[in-house]
Every structure is written in C-alpha cells, then in structure tokens.
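**Q** Before anything else, here's the structure in question.
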Amino acid sequence: MKIDIVIAYMQRYQTGHEMDFVPPITGIHLAAITPVYHEVRVVHQQVEPVNIDTDADLVAISFFSGFAPEAYRLAQAYRSRGKTVVAGGPHVSYCAEEALEYFDAVVAGEAENVWPQLLVDAENGCLKNIYHGSPSDMRGLPTPRYDLLKSRYFIPKVIQATRGCPFSCSFCSVPTLNPGFRMRPVEELMENIRYDRFPYWWQRKVVWFWDDNLTINRPYIKSVLQAMVPLKKWWLTQASLDIARDPELLALMKASGCIGIFFGIESFGKDSLADANKRQNKVDNYKKAVDALHRQGICVMAGFIAGFDHDTPETIVAMADQLMEIGVDVPFLSILTPFKGTPLYDQMELDNRILDDRGWEYYNGYNVAFQPATMSPEALLQAHRRLWGAAFSPGRCLRRIFRSAFYLRPGAFLMNACMNLFYGFKQLTGNFPVDARKWAGSGIRVRSAAVKME
C-alpha cells in the first residue's frame, strides 16, 4: 500500500510558523515501524501543505487535542475522496469514540504492537474500530525515517531513549499515556545517534532526545552519556531539577556534549506548585540549579504555566522578571490546559469548570479552556499575553544572549542566541500566540462535551 502519515497542525501564532527547530518524532517513528513493502510518506502540516488529492491507499493522521478540529477536517476531506483514514496520538487515546465520527479506525495508546496488524486489516478490508496498543519494551526499535523529512528543520535528529515519567503532575497525561518507565538498550540507541545522513553540519552534530524525563534512571543515563563521549555530538533534552545535585552526572553531561536542558519549573508560587502536584520543585533552589548547569556551560530552558488556582494577573506578569533573576536562558510560556487523561481534567470536570462552549482549538497551551479560580478566562488570557510580551521583549532577549556569552559553551550559546532572536523577533513584529477565536465559523467546531458539525 501507499501510506501517507500526516502530523496535523493548526497555526499557533498570528502569522505562520512554517519553519521549526525540531520535528515531532511520531511520524518518522511510525514510518520506521511500517513493514518495508509499503511505500510511506510523512507530511508535517506545520512546514508543508497537505495534499488532499493524494494517491495514497491509507492516510494516518496523528494529533494532540489542540489540533483536533484540523485533523477532523482533513479526515472528512480524505474520506470524501474515498480514502481509508486512521488516527492516533494523545487525543484519540482518550477520545476514541469521538474520533470514530471522522475516522475509519483509531489507535489508542502506543502503536508498536498494533500498527502492523492494522495495516494487514486495512489491506484485507477488515479494519476494527479501535486498536488498543500496550506499552512497548523499546527493544529492537528501528532508527526513525529521517530520510522522509523535509529540510526545514534546524534539528532533525530526534531520538527517544526512554518512555514514561515517575512523577504525577496534575496537568500531564504521560503517566497514563506511557505508563511505567522504559529504556532502550544503549547500543541500539547509539546506532540512532550515529545516523549522519543530513545535508548540514549542525543537523549531523545535534541530537534532540524526545524524552519526558531522560535522567530519571541514573545508572542508565550515565551509561548512555559515557557511550556518547567519543561521538562528539551536541545534545539536549528534558530533565528534572534534581540533576543539579549530582556532580558526576553533570560532569558526564558536559563531557558528552550537552548544550541544553529543559526544566518544567512551572511556577514561582509554592501554592501553585502544590496545585500542580509538583512538590519536587523547590522555589528556593531554582537559581542554584540553574547556576549549576551554567557552570557546565549548559543552556537552561524552562517551562512556566499561567493559570493555577493561586495565580493572579499580577503574579503571572511578575514571572517575566523572576525568570530573568534566576538566570533562565530560554523561557517557554504556556497557559494551564486541562487535557483529557490528566488529574487536572478530572478535577475540573467534577467541579464544573470546563468551558463546554470552547472547542478543542482552545486546548493548545496558548488559550483558556476552563474557568480560572481568581480571574475571568479573558483576564487569564490577557495576563499570559502580557507575560509573553514582557519576557520576549527585545531588551530581555538581548540581555539573555549577552550574559550567556560569559558562561555557555559555543554550541549552547549558538542555540540560546538563535532561540532568543527567534522569539524576540516575534514579539517585535507583534507575532503573538493566536487567539483561538480566530477559528470561529471555520466550518467545524468540536466541543469537549459533544461533537457538533456546523
């Protein structure tokens, strides 16, 4: 069969975002586990147009909740042309019955142990409605199909070493979507890391670990980093703040070429951290942890969330100054979002705080889909936009670049400069995150409580 794997996308900024730093691993991984006798294409809607008039026999669309309306629109268009269309990803794992209004079949959970059977059933015309994937042990996984990527990605080499996370943050679906904590064999992982068939030197040099918490198992990550030292790569990933208290690990990170770590700091408010069930984060330790990474020349990226029950518009906007004070190099600023499959969603649904008149397009991390505790939804949206504008003001972006020249290693400095210039230019040109009301009257609206066509 000819198979198109489409990663659906909806615009998240005022103007386009047709180039990105790193592609999702989903499409190129799914292509890699597809039997070789099929012909596969991977289409990332963010960076390239989707061909509705494709000659594919089967179209697989992956998406998360914020992009569900566009995925459903695509599915309708494909099916009207006689195509078989299947879906996977976080959204359909929790909203399978809703998705079946638009798709011929859905994959709920991890795909490795059901995708080959789905393809056999599709060839034989006997697709089931739902394929329930179970957790993969991550042994024997192939190298992602990097050869199917367009060249618009700054860092195309995305790799997954582990799945799962032992923490249970209230807003995160990972513990139920990818239960447990599993690790790939080190040598198999090294085969992926050694893949170098890219046109530009930085694409061959940089490795992005697509992991929720790469450093949880210390013996494992230390063996991985020891094996990486002779490869002379630059790499970055997501980890917990506690790595700052492990000198041996920090030394190995530096020796193996780490240029960036993303921390989910989330908030400066102790009550808000309790709301998030993120008690492992200690506000008093933030600057110490950031300084420890800087001493190794490593860039610190950090996520902050606006909208916890103890937040106010004033405390949200104040984060722009606070993240500068603790030395964060690249902030990522989102709005609390009650995704299905999370404790946050369950509690807000119980408390009748989910805004049922707001469709899935509000579930993209930049819009408000619930009733905040201390302000109106509009006040939360505006506080976030003020925070975004202040944090990425040209002055603050240039200051982060300038000060990092004194402590970041060359690869880390280059990445920090590129990302700050990227977001600073967005702020300077008014290219803020888009208001979800942009899609009002677009022809399809999907609510959290029901599926409605208009």
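Chain labels follow the order of the structure tokens: the first chain is A, the next B, and so on; residue numbering restarts at 1 in every chain, and ligands are counted from 1 in their shown order.
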Write out as a list in words each polymer residue whose atoms come within 8 Å of segment 5-14 of chain A, counting only C-alpha atoms; drop sequence neighbours fewer than 3 positions from it.
**A**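 Contacts, in chain order: His17, Thr26, Gly27, Leu30, Ala31, Val40, Arg41, Val42, Val43, His44, Gln45, Gln46, Val50, Val59, Ala60, Ile61, Ser62, Phe63, Gly66, Phe67, Glu70, Ala71, Asn364, Tyr366, Gly430, Asn431, Phe432, Pro433 and Val434 of chain A.
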**Q** What residues in segment 154-375 of chain A get the DSSP label strand (DSSP E or B)? Please answer as a compact mmCIF listing (two decimals) with C-alpha atoms, in the first residue's frame.
**A**
```txt
# COMPACT_ATOMS: atom_id res chain seq x y z
CA VAL A 158 15.08 13.48 17.24
CA ILE A 159 15.60 10.33 19.27
CA THR A 162 13.08 6.32 27.32
CA ARG A 163 9.33 6.48 27.80
CA ARG A 182 11.19 2.03 29.99
CA MET A 183 14.63 2.32 28.43
CA VAL A 206 22.90 18.00 17.23
CA VAL A 207 20.76 15.30 18.88
CA TRP A 208 17.40 16.11 20.48
CA PHE A 209 16.22 13.47 22.96
CA TRP A 234 25.81 18.24 20.89
CA TRP A 235 22.60 17.18 22.60
CA LEU A 236 19.64 18.49 24.58
CA THR A 237 16.67 17.04 26.42
CA GLN A 238 14.15 17.42 29.25
CA ALA A 239 15.01 16.53 32.84
CA CYS A 258 25.11 18.54 26.42
CA ILE A 259 24.18 22.04 25.24
CA GLY A 260 20.67 22.41 26.67
CA ILE A 261 18.31 21.10 29.34
CA PHE A 262 14.61 21.85 29.62
CA PHE A 263 13.18 22.03 33.13
CA GLY A 264 9.47 22.08 33.87
CA ILE A 265 9.69 24.77 36.56
CA GLU A 266 6.01 25.76 36.00
CA CYS A 299 21.83 26.38 28.35
CA VAL A 300 18.78 26.24 30.64
CA MET A 301 15.35 26.24 29.01
CA ALA A 302 12.38 26.27 31.35
CA GLY A 303 8.62 25.94 31.11
CA PHE A 304 6.25 28.21 33.03
CA ILE A 305 2.48 27.82 33.25
CA ALA A 306 -0.07 30.57 33.90
CA VAL A 330 15.09 30.43 27.13
CA PRO A 331 11.62 30.52 28.73
CA PHE A 332 8.61 28.62 27.38
CA LEU A 333 5.36 30.22 28.49
CA SER A 334 2.03 28.41 28.32
CA ILE A 335 -1.47 28.53 29.80
CA ILE A 354 -14.53 23.03 31.94
CA GLY A 359 -13.70 23.66 21.30
CA PHE A 370 -11.54 26.41 31.83
```
**Q** Would you return as a count of residues only the members of segment 163-412 of chain A that DSSP assigns to alpha helix (DSSP H) on this structure's backbone?
**A** 102
**Q** Nearest to Asp55 of chain A among A:His38, A:Lys83, A:Arg184, A:His29, with distances taken over only C-alpha atoms: which residue is it?
**A**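 Using only C-alpha atoms, Asp55 of chain A sits closest to A:Lys83.
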**Q** Could you pull the residues within 12 Å of segment 135-140 of chain A, counting only C-alpha atoms, minus those fewer than 2 positions along the same chain, as an NGL selection string?
**A** :A and (32-33 or 108-114 or 132-133 or 142-143 or 160-164 or 174-189 or 191-192)
**Q** Next, dump the selected residues to file, keeping only N, CA and C atoms, as a compact mmCIF listing (two decimals), in the first residue's frame.
**A**
```txt
# COMPACT_ATOMS: atom_id res chain seq x y z
N ALA A 32 9.07 4.22 10.39
CA ALA A 32 10.14 3.25 10.60
C ALA A 32 9.62 1.87 10.99
N ILE A 33 8.49 1.83 11.73
CA ILE A 33 7.95 0.52 12.14
C ILE A 33 6.95 -0.01 11.12
N ALA A 108 -5.43 3.62 20.02
CA ALA A 108 -5.38 4.18 21.37
C ALA A 108 -4.15 3.63 22.08
N GLY A 109 -3.31 4.51 22.61
CA GLY A 109 -2.10 4.06 23.28
C GLY A 109 -0.93 3.98 22.31
N GLU A 110 0.08 3.21 22.68
CA GLU A 110 1.30 3.10 21.89
C GLU A 110 1.07 2.18 20.69
N ALA A 111 1.70 2.52 19.57
CA ALA A 111 1.34 1.90 18.29
C ALA A 111 2.16 0.66 17.93
N GLU A 112 3.32 0.45 18.56
CA GLU A 112 4.25 -0.57 18.05
C GLU A 112 3.62 -1.95 17.87
N ASN A 113 2.80 -2.38 18.83
CA ASN A 113 2.31 -3.76 18.75
C ASN A 113 0.95 -3.90 18.07
N VAL A 114 0.42 -2.80 17.52
CA VAL A 114 -0.86 -2.91 16.80
C VAL A 114 -0.79 -2.35 15.38
N HIS A 132 -6.11 -1.19 20.48
CA HIS A 132 -5.58 -0.79 21.78
C HIS A 132 -4.11 -1.21 21.88
N GLY A 133 -3.22 -0.24 21.79
CA GLY A 133 -1.80 -0.53 21.92
C GLY A 133 -1.39 -0.64 23.37
N PRO A 142 13.48 0.49 15.40
CA PRO A 142 14.36 0.94 14.31
C PRO A 142 14.71 2.41 14.41
N THR A 143 15.69 2.81 13.63
CA THR A 143 16.04 4.23 13.52
C THR A 143 14.90 4.98 12.84
N GLN A 160 14.31 8.96 20.78
CA GLN A 160 13.68 8.66 22.06
C GLN A 160 14.43 7.52 22.74
N ALA A 161 15.01 7.81 23.90
CA ALA A 161 15.76 6.82 24.66
C ALA A 161 14.89 6.12 25.70
N THR A 162 13.92 6.87 26.25
CA THR A 162 13.08 6.32 27.32
C THR A 162 11.63 6.73 27.08
N ARG A 163 10.73 6.06 27.77
CA ARG A 163 9.33 6.48 27.80
C ARG A 163 8.84 6.44 29.24
N GLY A 164 8.00 7.44 29.55
CA GLY A 164 7.40 7.47 30.88
C GLY A 164 8.09 8.45 31.81
N VAL A 174 1.22 11.89 30.64
CA VAL A 174 2.24 10.87 30.40
C VAL A 174 2.07 9.62 31.27
N PRO A 175 1.77 9.74 32.58
CA PRO A 175 1.66 8.52 33.39
C PRO A 175 0.60 7.54 32.90
N THR A 176 -0.46 8.02 32.25
CA THR A 176 -1.46 7.09 31.71
C THR A 176 -1.23 6.79 30.24
N LEU A 177 -0.68 7.73 29.49
CA LEU A 177 -0.43 7.51 28.07
C LEU A 177 0.77 6.60 27.86
N ASN A 178 1.83 6.81 28.63
CA ASN A 178 3.05 5.99 28.55
C ASN A 178 3.39 5.50 29.95
N PRO A 179 2.66 4.51 30.46
CA PRO A 179 2.85 4.10 31.86
C PRO A 179 4.20 3.44 32.10
N GLY A 180 4.65 3.55 33.35
CA GLY A 180 5.93 2.96 33.72
C GLY A 180 7.08 3.80 33.23
N PHE A 181 8.29 3.25 33.33
CA PHE A 181 9.48 3.90 32.82
C PHE A 181 10.32 2.85 32.12
N ARG A 182 10.51 3.04 30.81
CA ARG A 182 11.19 2.03 29.99
C ARG A 182 12.37 2.64 29.25
N MET A 183 13.38 1.82 29.00
CA MET A 183 14.63 2.32 28.43
C MET A 183 15.05 1.47 27.24
N ARG A 184 15.59 2.13 26.22
CA ARG A 184 16.13 1.41 25.07
C ARG A 184 17.53 0.89 25.39
N PRO A 185 17.89 -0.25 24.84
CA PRO A 185 19.27 -0.72 25.02
C PRO A 185 20.26 0.32 24.51
N VAL A 186 21.35 0.49 25.22
CA VAL A 186 22.28 1.58 24.93
C VAL A 186 22.85 1.47 23.52
N GLU A 187 23.27 0.28 23.10
CA GLU A 187 23.88 0.16 21.79
C GLU A 187 22.89 0.45 20.67
N GLU A 188 21.63 0.03 20.84
CA GLU A 188 20.62 0.37 19.84
C GLU A 188 20.43 1.88 19.75
N LEU A 189 20.48 2.52 20.89
CA LEU A 189 20.36 3.98 20.92
C LEU A 189 21.54 4.63 20.21
N GLU A 191 23.18 3.54 17.72
CA GLU A 191 23.01 3.43 16.27
C GLU A 191 22.20 4.61 15.74
N ASN A 192 21.17 5.01 16.47
CA ASN A 192 20.38 6.18 16.08
C ASN A 192 21.22 7.44 16.15
```
**Q** Pick the closest to Met419 of chain A from A:Ile298, A:Val47, A:Val85, A:Phe21: which is it, counting only C-alpha atoms?
**A** A:Phe21
**Q** With only C-alpha atoms as the atoms that count, which of A:Ile193, A:Leu249, A:Met415, A:Ile52 lies nearest to Lys233 of chain A?
**A** A:Ile193
**Q** Check the smallest atom-to-atom distance from each of A:Pro144, A:Gly297, A:Gly327, A:Gly424 to Tyr195 of chain A using only C-alpha atoms, then report the winner.
**A**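 The shortest atom-to-atom distance to Tyr195 of chain A comes from A:Pro144.
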**Q** Atom CA of Phe154 of chain A and atom CA of Gly389 of chain A, how far apart in Å?
**A**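 Straight-line distance from atom CA of Gly389 of chain A to atom CA of Phe154 of chain A works out to 24.6 Å.
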**Q** Rounded to one decimal in Å, what is the spacing between atom CA of Ser80 of chain A and atom CA of Asp121 of chain A?
**A**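 Taking atom CA of Ser80 of chain A and atom CA of Asp121 of chain A, their separation equals 21.0 Å.
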